[in-house]
Amino acid sequence: MAPSSLLDRQRHRESSARSYARRLPVELVHGAGTTVRDRHGNTYLDCLAGAGALALGHHHPVVDEAIRRVLDDGTPLSTLDLPTPVRDRFIDALFDVLPEHLRQGRILFCGPTGADAVEAAVKFARTATARSGVLAFGGAYHGMTQATLALTGRRSAKEPLGPLLADVHHLPFPTTYRSPFGSDGGSSATRLVEWALTDDHSGIPAPAAVIVEPVQGEGGVNPMPTSFGAALRRTTRSTGAMLIADEVQTGLGRTGALWASTHAGLEPDVMVLSKAIGGGLPLAVIVHRDHHDSWKPGAHAGIFRGSAPALAAGAATIREVVRAGLAEHAAEVGDRMLKGLESVSGDDPRVGDIRGRGLMLGVELVAPGRHDSTGVPVPDGQLAATVQREMLSRGVIVEVGGTDDAVVRFLPPLIITADEADQVVDAFGAALRATIR
């Protein structure tokens, strides 16, 4: 007998590499704003939002209208890198809101994913500096291609594959809670980066680039301390390495500022952008300082780097985020959610840490009484998975990440209201209480 549900059909027909559907067994048929509905009529607050891609939620009127206009006008749907009015409007919208030091820079349209843009950024840095090495950080997530996996921190994703991109080195990211340096994580990480880049005996040849997320997402929602960002900027500048900020998930208001790099004092040479800048459609770019533009024609290409619907949706999203003050809204509602999560967690010893910026938040769940070598309780991924399922049963979709997938992650659309944020917090509190054994 043929499988009856979409989930059953997926299990029979799709690769076992699928992931979200394993943890979130819902069959979605409709989305509007911050909510989605399954085929049984159940409605969920979507705090996954396309892993942060849906800044304006599902079917925002300005996005739908922009896509519809492209379709109705007969605009060519895909033009590679040939110029079109819709492409030019997207570039204008993006450059109007970039950090000041990049507004006179250049843009490269990549393939449609953030991973391809990261690949482009690394190739660009290697070309511009005539060096090969890249310095990345533990806990980082930069993609699932061969090169981006080499930059990514998660060891289990790489181990079956053998050699990846050569000449990549990782250093610890300055987390405030779970750091190999203990409570002195920030200053020790800063000294280690300075040593790695400047000391002739560090064993690390001068790299082409240092790549970093201003807030680690998959790594467990770890915001970068401003002092560390300033040290990265100072040290890369003095050693001739390019500083690449991966803002695929943090960009366009997610962290309470248009660009999380400004929180961290990075002032990057290259920014990698995707997700929100496409308005929910596939789009990825890098922007970089003008004087580094030493590429030859065709040095990086991609078939879908001129998708008119994505460019139109992206331009509309950028304009609406600015017009509606959604970065500021994310800061305000995110602070409300953070305080709410702290309140409903109370003194529960299973809640190790609550952290994040804006509407990029995480709660790390731990096993009380069991500690790692630095004295921090060990992460409890099984508890986080249970809380995720309990929240789903209460009408809220969340993701997990971090060490042992023990961090419950919140990435709602930037349009989430205060009342909806309170519903998310209440669902987390109820889910946490339901898991008491």
# chains A, B, ... in the order shown; residues from 1 in each chain; ligands from 1

call {"tool": "residues_around", "arguments": {"residues": "Ser345 (chain A)", "least_positions_apart": "6", "cutoff": "8 Å", "atoms": "only C-alpha atoms", "output": "list of chain:residue names"}}
result
A:Val351, A:Gly429, A:Leu432

call {"tool": "write_last_selection", "arguments": {"atoms": "C-alpha atoms", "output": "tab-separated table (two decimals), in the first residue's frame"}}
result
chain	number	residue	atom	x	y	z
A	351	VAL	CA	18.54	25.83	32.35
A	429	GLY	CA	7.85	27.53	30.20
A	432	LEU	CA	10.04	22.87	30.36

call {"tool": "residues_around", "arguments": {"residues": "region 272-288 of chain A", "least_positions_apart": "2", "cutoff": "7 Å", "atoms": "only C-alpha atoms", "output": "mmCIF file with N, CA and C atoms, in the first residue's frame"}}
result
data_model
loop_
_atom_site.group_PDB
_atom_site.id
_atom_site.type_symbol
_atom_site.label_atom_id
_atom_site.label_comp_id
_atom_site.auth_asym_id
_atom_site.auth_seq_id
_atom_site.Cartn_x
_atom_site.Cartn_y
_atom_site.Cartn_z
ATOM 1 N N GLY A 52 15.631 31.599 9.709
ATOM 2 C CA GLY A 52 15.914 33.025 9.744
ATOM 3 C C GLY A 52 15.763 33.727 8.413
ATOM 4 N N ALA A 53 15.391 33.000 7.357
ATOM 5 C CA ALA A 53 15.287 33.614 6.030
ATOM 6 C C ALA A 53 14.056 34.502 5.880
ATOM 7 N N LEU A 54 13.004 34.221 6.654
ATOM 8 C CA LEU A 54 11.742 34.928 6.481
ATOM 9 C C LEU A 54 11.662 36.103 7.455
ATOM 10 N N ALA A 55 12.416 37.154 7.171
ATOM 11 C CA ALA A 55 12.423 38.317 8.053
ATOM 12 C C ALA A 55 11.032 38.910 8.204
ATOM 13 N N VAL A 63 6.169 41.712 -0.144
ATOM 14 C CA VAL A 63 6.957 40.698 -0.849
ATOM 15 C C VAL A 63 6.125 40.049 -1.943
ATOM 16 N N LEU A 102 31.189 50.185 3.529
ATOM 17 C CA LEU A 102 30.992 49.313 2.376
ATOM 18 C C LEU A 102 30.089 49.929 1.308
ATOM 19 N N GLY A 105 31.603 50.184 -1.954
ATOM 20 C CA GLY A 105 32.257 48.936 -2.318
ATOM 21 C C GLY A 105 31.645 48.288 -3.546
ATOM 22 N N ARG A 106 31.861 46.988 -3.665
ATOM 23 C CA ARG A 106 31.376 46.217 -4.810
ATOM 24 C C ARG A 106 30.532 45.051 -4.307
ATOM 25 N N ILE A 107 29.660 44.583 -5.179
ATOM 26 C CA ILE A 107 28.810 43.439 -4.863
ATOM 27 C C ILE A 107 29.059 42.328 -5.875
ATOM 28 N N LEU A 108 29.058 41.098 -5.416
ATOM 29 C CA LEU A 108 29.125 39.936 -6.295
ATOM 30 C C LEU A 108 27.924 39.061 -6.008
ATOM 31 N N PHE A 109 27.133 38.783 -7.041
ATOM 32 C CA PHE A 109 26.021 37.848 -6.920
ATOM 33 C C PHE A 109 26.566 36.441 -7.106
ATOM 34 N N CYS A 110 26.259 35.577 -6.157
ATOM 35 C CA CYS A 110 26.793 34.218 -6.158
ATOM 36 C C CYS A 110 25.690 33.242 -6.564
ATOM 37 N N GLY A 111 25.926 31.963 -6.342
ATOM 38 C CA GLY A 111 24.829 31.011 -6.446
ATOM 39 C C GLY A 111 23.800 31.344 -5.377
ATOM 40 N N PRO A 112 22.687 30.630 -5.313
ATOM 41 C CA PRO A 112 21.572 31.075 -4.471
ATOM 42 C C PRO A 112 21.678 30.733 -2.996
ATOM 43 N N THR A 113 22.779 30.176 -2.538
ATOM 44 C CA THR A 113 22.867 29.788 -1.134
ATOM 45 C C THR A 113 23.980 30.535 -0.412
ATOM 46 N N GLY A 114 23.841 30.625 0.911
ATOM 47 C CA GLY A 114 24.880 31.237 1.713
ATOM 48 C C GLY A 114 26.199 30.508 1.601
ATOM 49 N N ALA A 117 28.126 31.714 -1.276
ATOM 50 C CA ALA A 117 28.679 33.046 -1.024
ATOM 51 C C ALA A 117 29.904 32.971 -0.118
ATOM 52 N N VAL A 118 29.884 32.058 0.864
ATOM 53 C CA VAL A 118 31.073 31.869 1.697
ATOM 54 C C VAL A 118 32.236 31.378 0.832
ATOM 55 N N ALA A 121 33.591 34.282 -0.955
ATOM 56 C CA ALA A 121 34.344 35.184 -0.090
ATOM 57 C C ALA A 121 35.757 34.662 0.161
ATOM 58 N N ALA A 245 32.943 38.754 7.490
ATOM 59 C CA ALA A 245 31.823 38.580 8.419
ATOM 60 C C ALA A 245 30.737 37.776 7.718
ATOM 61 N N ASP A 246 30.442 36.603 8.248
ATOM 62 C CA ASP A 246 29.348 35.774 7.728
ATOM 63 C C ASP A 246 28.055 36.240 8.388
ATOM 64 N N GLU A 247 27.293 37.056 7.649
ATOM 65 C CA GLU A 247 26.018 37.580 8.155
ATOM 66 C C GLU A 247 24.834 36.917 7.450
ATOM 67 N N VAL A 248 25.027 35.676 7.037
ATOM 68 C CA VAL A 248 23.955 34.953 6.349
ATOM 69 C C VAL A 248 22.703 34.886 7.230
ATOM 70 N N GLN A 249 22.881 34.583 8.518
ATOM 71 C CA GLN A 249 21.728 34.487 9.407
ATOM 72 C C GLN A 249 21.485 35.760 10.206
ATOM 73 N N GLY A 251 22.139 38.968 9.332
ATOM 74 C CA GLY A 251 21.960 40.202 8.583
ATOM 75 C C GLY A 251 20.533 40.678 8.463
ATOM 76 N N LEU A 252 20.366 41.976 8.253
ATOM 77 C CA LEU A 252 19.107 42.661 7.988
ATOM 78 C C LEU A 252 18.171 42.658 9.197
ATOM 79 N N ASP A 269 36.020 43.552 5.913
ATOM 80 C CA ASP A 269 36.405 43.813 4.529
ATOM 81 C C ASP A 269 35.406 43.188 3.562
ATOM 82 N N VAL A 270 34.810 42.067 3.973
ATOM 83 C CA VAL A 270 33.831 41.348 3.159
ATOM 84 C C VAL A 270 32.671 40.953 4.055
ATOM 85 N N ASP A 290 36.000 48.325 -2.181
ATOM 86 C CA ASP A 290 36.275 48.510 -3.602
ATOM 87 C C ASP A 290 37.729 48.201 -3.960
ATOM 88 N N ALA A 310 13.570 36.692 -6.873
ATOM 89 C CA ALA A 310 14.342 36.835 -5.636
ATOM 90 C C ALA A 310 14.854 38.260 -5.475
ATOM 91 N N LEU A 311 15.334 38.862 -6.558
ATOM 92 C CA LEU A 311 15.825 40.231 -6.480
ATOM 93 C C LEU A 311 14.704 41.192 -6.107
ATOM 94 N N ALA A 313 11.849 40.391 -4.485
ATOM 95 C CA ALA A 313 11.451 40.109 -3.111
ATOM 96 C C ALA A 313 12.468 40.668 -2.131
ATOM 97 N N GLY A 314 13.757 40.559 -2.481
ATOM 98 C CA GLY A 314 14.808 41.055 -1.604
ATOM 99 C C GLY A 314 14.768 42.565 -1.460
ATOM 100 N N THR A 317 11.890 43.529 0.711
ATOM 101 C CA THR A 317 12.130 43.194 2.117
ATOM 102 C C THR A 317 13.066 44.199 2.765
ATOM 103 N N ILE A 318 14.146 44.541 2.085
ATOM 104 C CA ILE A 318 15.095 45.513 2.636
ATOM 105 C C ILE A 318 14.389 46.837 2.929
#

call {"tool": "closest_residue", "arguments": {"among": "A:Ile416, A:Ala421, A:Ala120, A:Ala206", "to": "Ala299 (chain A)", "atoms": "only C-alpha atoms"}}
result
A:Ala120

call {"tool": "select_by_dssp", "arguments": {"residues": "region 17-264 of chain A", "states": "strand (DSSP E or B)", "output": "PyMOL selection string"}}
result
chain A and resi 28-33+35-38+43-46+58+78+106-109+134-137+168-171+209-212+215-216+222-223+242-246

call {"tool": "residues_around", "arguments": {"residues": "Gly74 (chain A)", "least_positions_apart": "6", "cutoff": "12 Å", "atoms": "only C-alpha atoms", "output": "ChimeraX atom specification"}}
result
/A:67-68,86,308-309

call {"tool": "select_by_dssp", "arguments": {"residues": "region 209-314 of chain A", "states": "alpha helix (DSSP H)", "output": "count of residues only"}}
result
26

call {"tool": "closest_residue", "arguments": {"among": "A:Asp81, A:Asp72, A:Glu420, A:Glu213", "to": "Arg336 (chain A)", "atoms": "only C-alpha atoms"}}
result
A:Glu420

call {"tool": "decode", "arguments": {"residues": "region 211-244 of chain A", "atoms": "N, CA, C and O atoms", "output": "PDB file, in the first residue's frame"}}
result
ATOM      1  N   ILE A 211      37.451  34.352   9.041  1.00  0.00           N
ATOM      2  CA  ILE A 211      36.011  34.364   8.827  1.00  0.00           C
ATOM      3  C   ILE A 211      35.307  34.095  10.144  1.00  0.00           C
ATOM      4  O   ILE A 211      35.705  33.204  10.905  1.00  0.00           O
ATOM      5  N   VAL A 212      34.256  34.876  10.411  1.00  0.00           N
ATOM      6  CA  VAL A 212      33.598  34.779  11.712  1.00  0.00           C
ATOM      7  C   VAL A 212      32.138  35.197  11.593  1.00  0.00           C
ATOM      8  O   VAL A 212      31.783  36.037  10.758  1.00  0.00           O
ATOM      9  N   GLU A 213      31.292  34.599  12.411  1.00  0.00           N
ATOM     10  CA  GLU A 213      29.897  35.020  12.556  1.00  0.00           C
ATOM     11  C   GLU A 213      29.811  35.993  13.733  1.00  0.00           C
ATOM     12  O   GLU A 213      30.264  35.673  14.826  1.00  0.00           O
ATOM     13  N   PRO A 214      29.216  37.165  13.558  1.00  0.00           N
ATOM     14  CA  PRO A 214      29.071  38.094  14.677  1.00  0.00           C
ATOM     15  C   PRO A 214      28.246  37.511  15.826  1.00  0.00           C
ATOM     16  O   PRO A 214      28.470  37.840  16.988  1.00  0.00           O
ATOM     17  N   VAL A 215      27.287  36.678  15.490  1.00  0.00           N
ATOM     18  CA  VAL A 215      26.589  35.840  16.473  1.00  0.00           C
ATOM     19  C   VAL A 215      26.544  34.440  15.881  1.00  0.00           C
ATOM     20  O   VAL A 215      26.000  34.247  14.795  1.00  0.00           O
ATOM     21  N   GLN A 216      27.130  33.479  16.563  1.00  0.00           N
ATOM     22  CA  GLN A 216      27.055  32.107  16.066  1.00  0.00           C
ATOM     23  C   GLN A 216      25.627  31.598  16.210  1.00  0.00           C
ATOM     24  O   GLN A 216      25.017  31.718  17.276  1.00  0.00           O
ATOM     25  N   GLY A 217      25.101  31.013  15.143  1.00  0.00           N
ATOM     26  CA  GLY A 217      23.753  30.479  15.182  1.00  0.00           C
ATOM     27  C   GLY A 217      23.737  29.007  15.515  1.00  0.00           C
ATOM     28  O   GLY A 217      23.400  28.601  16.625  1.00  0.00           O
ATOM     29  N   GLU A 218      24.126  28.188  14.535  1.00  0.00           N
ATOM     30  CA  GLU A 218      24.155  26.745  14.732  1.00  0.00           C
ATOM     31  C   GLU A 218      25.047  26.359  15.909  1.00  0.00           C
ATOM     32  O   GLU A 218      24.816  25.364  16.589  1.00  0.00           O
ATOM     33  N   GLY A 219      26.057  27.166  16.189  1.00  0.00           N
ATOM     34  CA  GLY A 219      26.967  26.884  17.299  1.00  0.00           C
ATOM     35  C   GLY A 219      26.351  27.088  18.664  1.00  0.00           C
ATOM     36  O   GLY A 219      27.018  26.805  19.675  1.00  0.00           O
ATOM     37  N   GLY A 220      25.117  27.593  18.725  1.00  0.00           N
ATOM     38  CA  GLY A 220      24.443  27.709  20.011  1.00  0.00           C
ATOM     39  C   GLY A 220      24.062  29.109  20.409  1.00  0.00           C
ATOM     40  O   GLY A 220      23.863  29.391  21.597  1.00  0.00           O
ATOM     41  N   VAL A 221      23.920  30.032  19.440  1.00  0.00           N
ATOM     42  CA  VAL A 221      23.519  31.420  19.699  1.00  0.00           C
ATOM     43  C   VAL A 221      24.534  32.087  20.633  1.00  0.00           C
ATOM     44  O   VAL A 221      24.236  32.430  21.777  1.00  0.00           O
ATOM     45  N   ASN A 222      25.728  32.269  20.128  1.00  0.00           N
ATOM     46  CA  ASN A 222      26.817  32.861  20.902  1.00  0.00           C
ATOM     47  C   ASN A 222      27.170  34.231  20.328  1.00  0.00           C
ATOM     48  O   ASN A 222      27.809  34.326  19.289  1.00  0.00           O
ATOM     49  N   PRO A 223      26.774  35.323  21.001  1.00  0.00           N
ATOM     50  CA  PRO A 223      27.138  36.653  20.520  1.00  0.00           C
ATOM     51  C   PRO A 223      28.627  36.927  20.729  1.00  0.00           C
ATOM     52  O   PRO A 223      29.207  36.556  21.747  1.00  0.00           O
ATOM     53  N   MET A 224      29.227  37.598  19.779  1.00  0.00           N
ATOM     54  CA  MET A 224      30.634  37.962  19.892  1.00  0.00           C
ATOM     55  C   MET A 224      30.795  39.189  20.794  1.00  0.00           C
ATOM     56  O   MET A 224      30.116  40.201  20.585  1.00  0.00           O
ATOM     57  N   PRO A 225      31.684  39.117  21.786  1.00  0.00           N
ATOM     58  CA  PRO A 225      31.969  40.317  22.581  1.00  0.00           C
ATOM     59  C   PRO A 225      32.577  41.415  21.709  1.00  0.00           C
ATOM     60  O   PRO A 225      33.382  41.142  20.821  1.00  0.00           O
ATOM     61  N   THR A 226      32.183  42.660  21.968  1.00  0.00           N
ATOM     62  CA  THR A 226      32.701  43.779  21.185  1.00  0.00           C
ATOM     63  C   THR A 226      34.217  43.878  21.272  1.00  0.00           C
ATOM     64  O   THR A 226      34.889  44.200  20.289  1.00  0.00           O
ATOM     65  N   SER A 227      34.779  43.591  22.445  1.00  0.00           N
ATOM     66  CA  SER A 227      36.234  43.675  22.599  1.00  0.00           C
ATOM     67  C   SER A 227      36.945  42.670  21.689  1.00  0.00           C
ATOM     68  O   SER A 227      38.019  42.949  21.143  1.00  0.00           O
ATOM     69  N   PHE A 228      36.331  41.508  21.505  1.00  0.00           N
ATOM     70  CA  PHE A 228      36.921  40.498  20.627  1.00  0.00           C
ATOM     71  C   PHE A 228      36.836  40.945  19.176  1.00  0.00           C
ATOM     72  O   PHE A 228      37.786  40.782  18.399  1.00  0.00           O
ATOM     73  N   GLY A 229      35.687  41.518  18.797  1.00  0.00           N
ATOM     74  CA  GLY A 229      35.542  42.020  17.437  1.00  0.00           C
ATOM     75  C   GLY A 229      36.550  43.109  17.125  1.00  0.00           C
ATOM     76  O   GLY A 229      37.155  43.129  16.041  1.00  0.00           O
ATOM     77  N   ALA A 230      36.770  44.008  18.083  1.00  0.00           N
ATOM     78  CA  ALA A 230      37.752  45.076  17.874  1.00  0.00           C
ATOM     79  C   ALA A 230      39.153  44.501  17.728  1.00  0.00           C
ATOM     80  O   ALA A 230      39.953  44.982  16.904  1.00  0.00           O
ATOM     81  N   ALA A 231      39.459  43.468  18.513  1.00  0.00           N
ATOM     82  CA  ALA A 231      40.780  42.836  18.417  1.00  0.00           C
ATOM     83  C   ALA A 231      40.956  42.144  17.067  1.00  0.00           C
ATOM     84  O   ALA A 231      42.042  42.194  16.462  1.00  0.00           O
ATOM     85  N   LEU A 232      39.896  41.475  16.587  1.00  0.00           N
ATOM     86  CA  LEU A 232      39.962  40.853  15.266  1.00  0.00           C
ATOM     87  C   LEU A 232      40.235  41.893  14.186  1.00  0.00           C
ATOM     88  O   LEU A 232      41.071  41.696  13.298  1.00  0.00           O
ATOM     89  N   ARG A 233      39.493  43.007  14.250  1.00  0.00           N
ATOM     90  CA  ARG A 233      39.683  44.053  13.236  1.00  0.00           C
ATOM     91  C   ARG A 233      41.101  44.608  13.295  1.00  0.00           C
ATOM     92  O   ARG A 233      41.768  44.794  12.268  1.00  0.00           O
ATOM     93  N   ARG A 234      41.578  44.894  14.480  1.00  0.00           N
ATOM     94  CA  ARG A 234      42.911  45.470  14.645  1.00  0.00           C
ATOM     95  C   ARG A 234      43.995  44.501  14.158  1.00  0.00           C
ATOM     96  O   ARG A 234      44.914  44.888  13.411  1.00  0.00           O
ATOM     97  N   THR A 235      43.862  43.231  14.532  1.00  0.00           N
ATOM     98  CA  THR A 235      44.913  42.261  14.220  1.00  0.00           C
ATOM     99  C   THR A 235      44.914  41.874  12.744  1.00  0.00           C
ATOM    100  O   THR A 235      45.978  41.736  12.133  1.00  0.00           O
ATOM    101  N   THR A 236      43.747  41.699  12.159  1.00  0.00           N
ATOM    102  CA  THR A 236      43.715  41.375  10.726  1.00  0.00           C
ATOM    103  C   THR A 236      44.247  42.536   9.898  1.00  0.00           C
ATOM    104  O   THR A 236      44.978  42.343   8.918  1.00  0.00           O
ATOM    105  N   ARG A 237      43.915  43.740  10.302  1.00  0.00           N
ATOM    106  CA  ARG A 237      44.407  44.901   9.554  1.00  0.00           C
ATOM    107  C   ARG A 237      45.926  44.989   9.620  1.00  0.00           C
ATOM    108  O   ARG A 237      46.593  45.255   8.618  1.00  0.00           O
ATOM    109  N   SER A 238      46.493  44.736  10.800  1.00  0.00           N
ATOM    110  CA  SER A 238      47.946  44.874  10.956  1.00  0.00           C
ATOM    111  C   SER A 238      48.711  43.748  10.272  1.00  0.00           C
ATOM    112  O   SER A 238      49.887  43.910   9.926  1.00  0.00           O
ATOM    113  N   THR A 239      48.064  42.594  10.046  1.00  0.00           N
ATOM    114  CA  THR A 239      48.751  41.451   9.436  1.00  0.00           C
ATOM    115  C   THR A 239      48.382  41.228   7.976  1.00  0.00           C
ATOM    116  O   THR A 239      48.874  40.286   7.349  1.00  0.00           O
ATOM    117  N   GLY A 240      47.511  42.075   7.434  1.00  0.00           N
ATOM    118  CA  GLY A 240      47.166  41.968   6.024  1.00  0.00           C
ATOM    119  C   GLY A 240      46.163  40.885   5.692  1.00  0.00           C
ATOM    120  O   GLY A 240      45.964  40.558   4.520  1.00  0.00           O
ATOM    121  N   ALA A 241      45.519  40.305   6.698  1.00  0.00           N
ATOM    122  CA  ALA A 241      44.474  39.308   6.439  1.00  0.00           C
ATOM    123  C   ALA A 241      43.137  40.018   6.247  1.00  0.00           C
ATOM    124  O   ALA A 241      42.860  41.039   6.893  1.00  0.00           O
ATOM    125  N   MET A 242      42.311  39.476   5.387  1.00  0.00           N
ATOM    126  CA  MET A 242      40.983  40.061   5.190  1.00  0.00           C
ATOM    127  C   MET A 242      40.041  39.527   6.253  1.00  0.00           C
ATOM    128  O   MET A 242      40.099  38.358   6.625  1.00  0.00           O
ATOM    129  N   LEU A 243      39.166  40.400   6.737  1.00  0.00           N
ATOM    130  CA  LEU A 243      38.179  40.028   7.750  1.00  0.00           C
ATOM    131  C   LEU A 243      36.839  39.822   7.063  1.00  0.00           C
ATOM    132  O   LEU A 243      36.274  40.758   6.484  1.00  0.00           O
ATOM    133  N   ILE A 244      36.344  38.571   7.117  1.00  0.00           N
ATOM    134  CA  ILE A 244      35.068  38.210   6.489  1.00  0.00           C
ATOM    135  C   ILE A 244      34.026  38.015   7.576  1.00  0.00           C
ATOM    136  O   ILE A 244      34.213  37.197   8.488  1.00  0.00           O
TER     137      ILE A 244
END
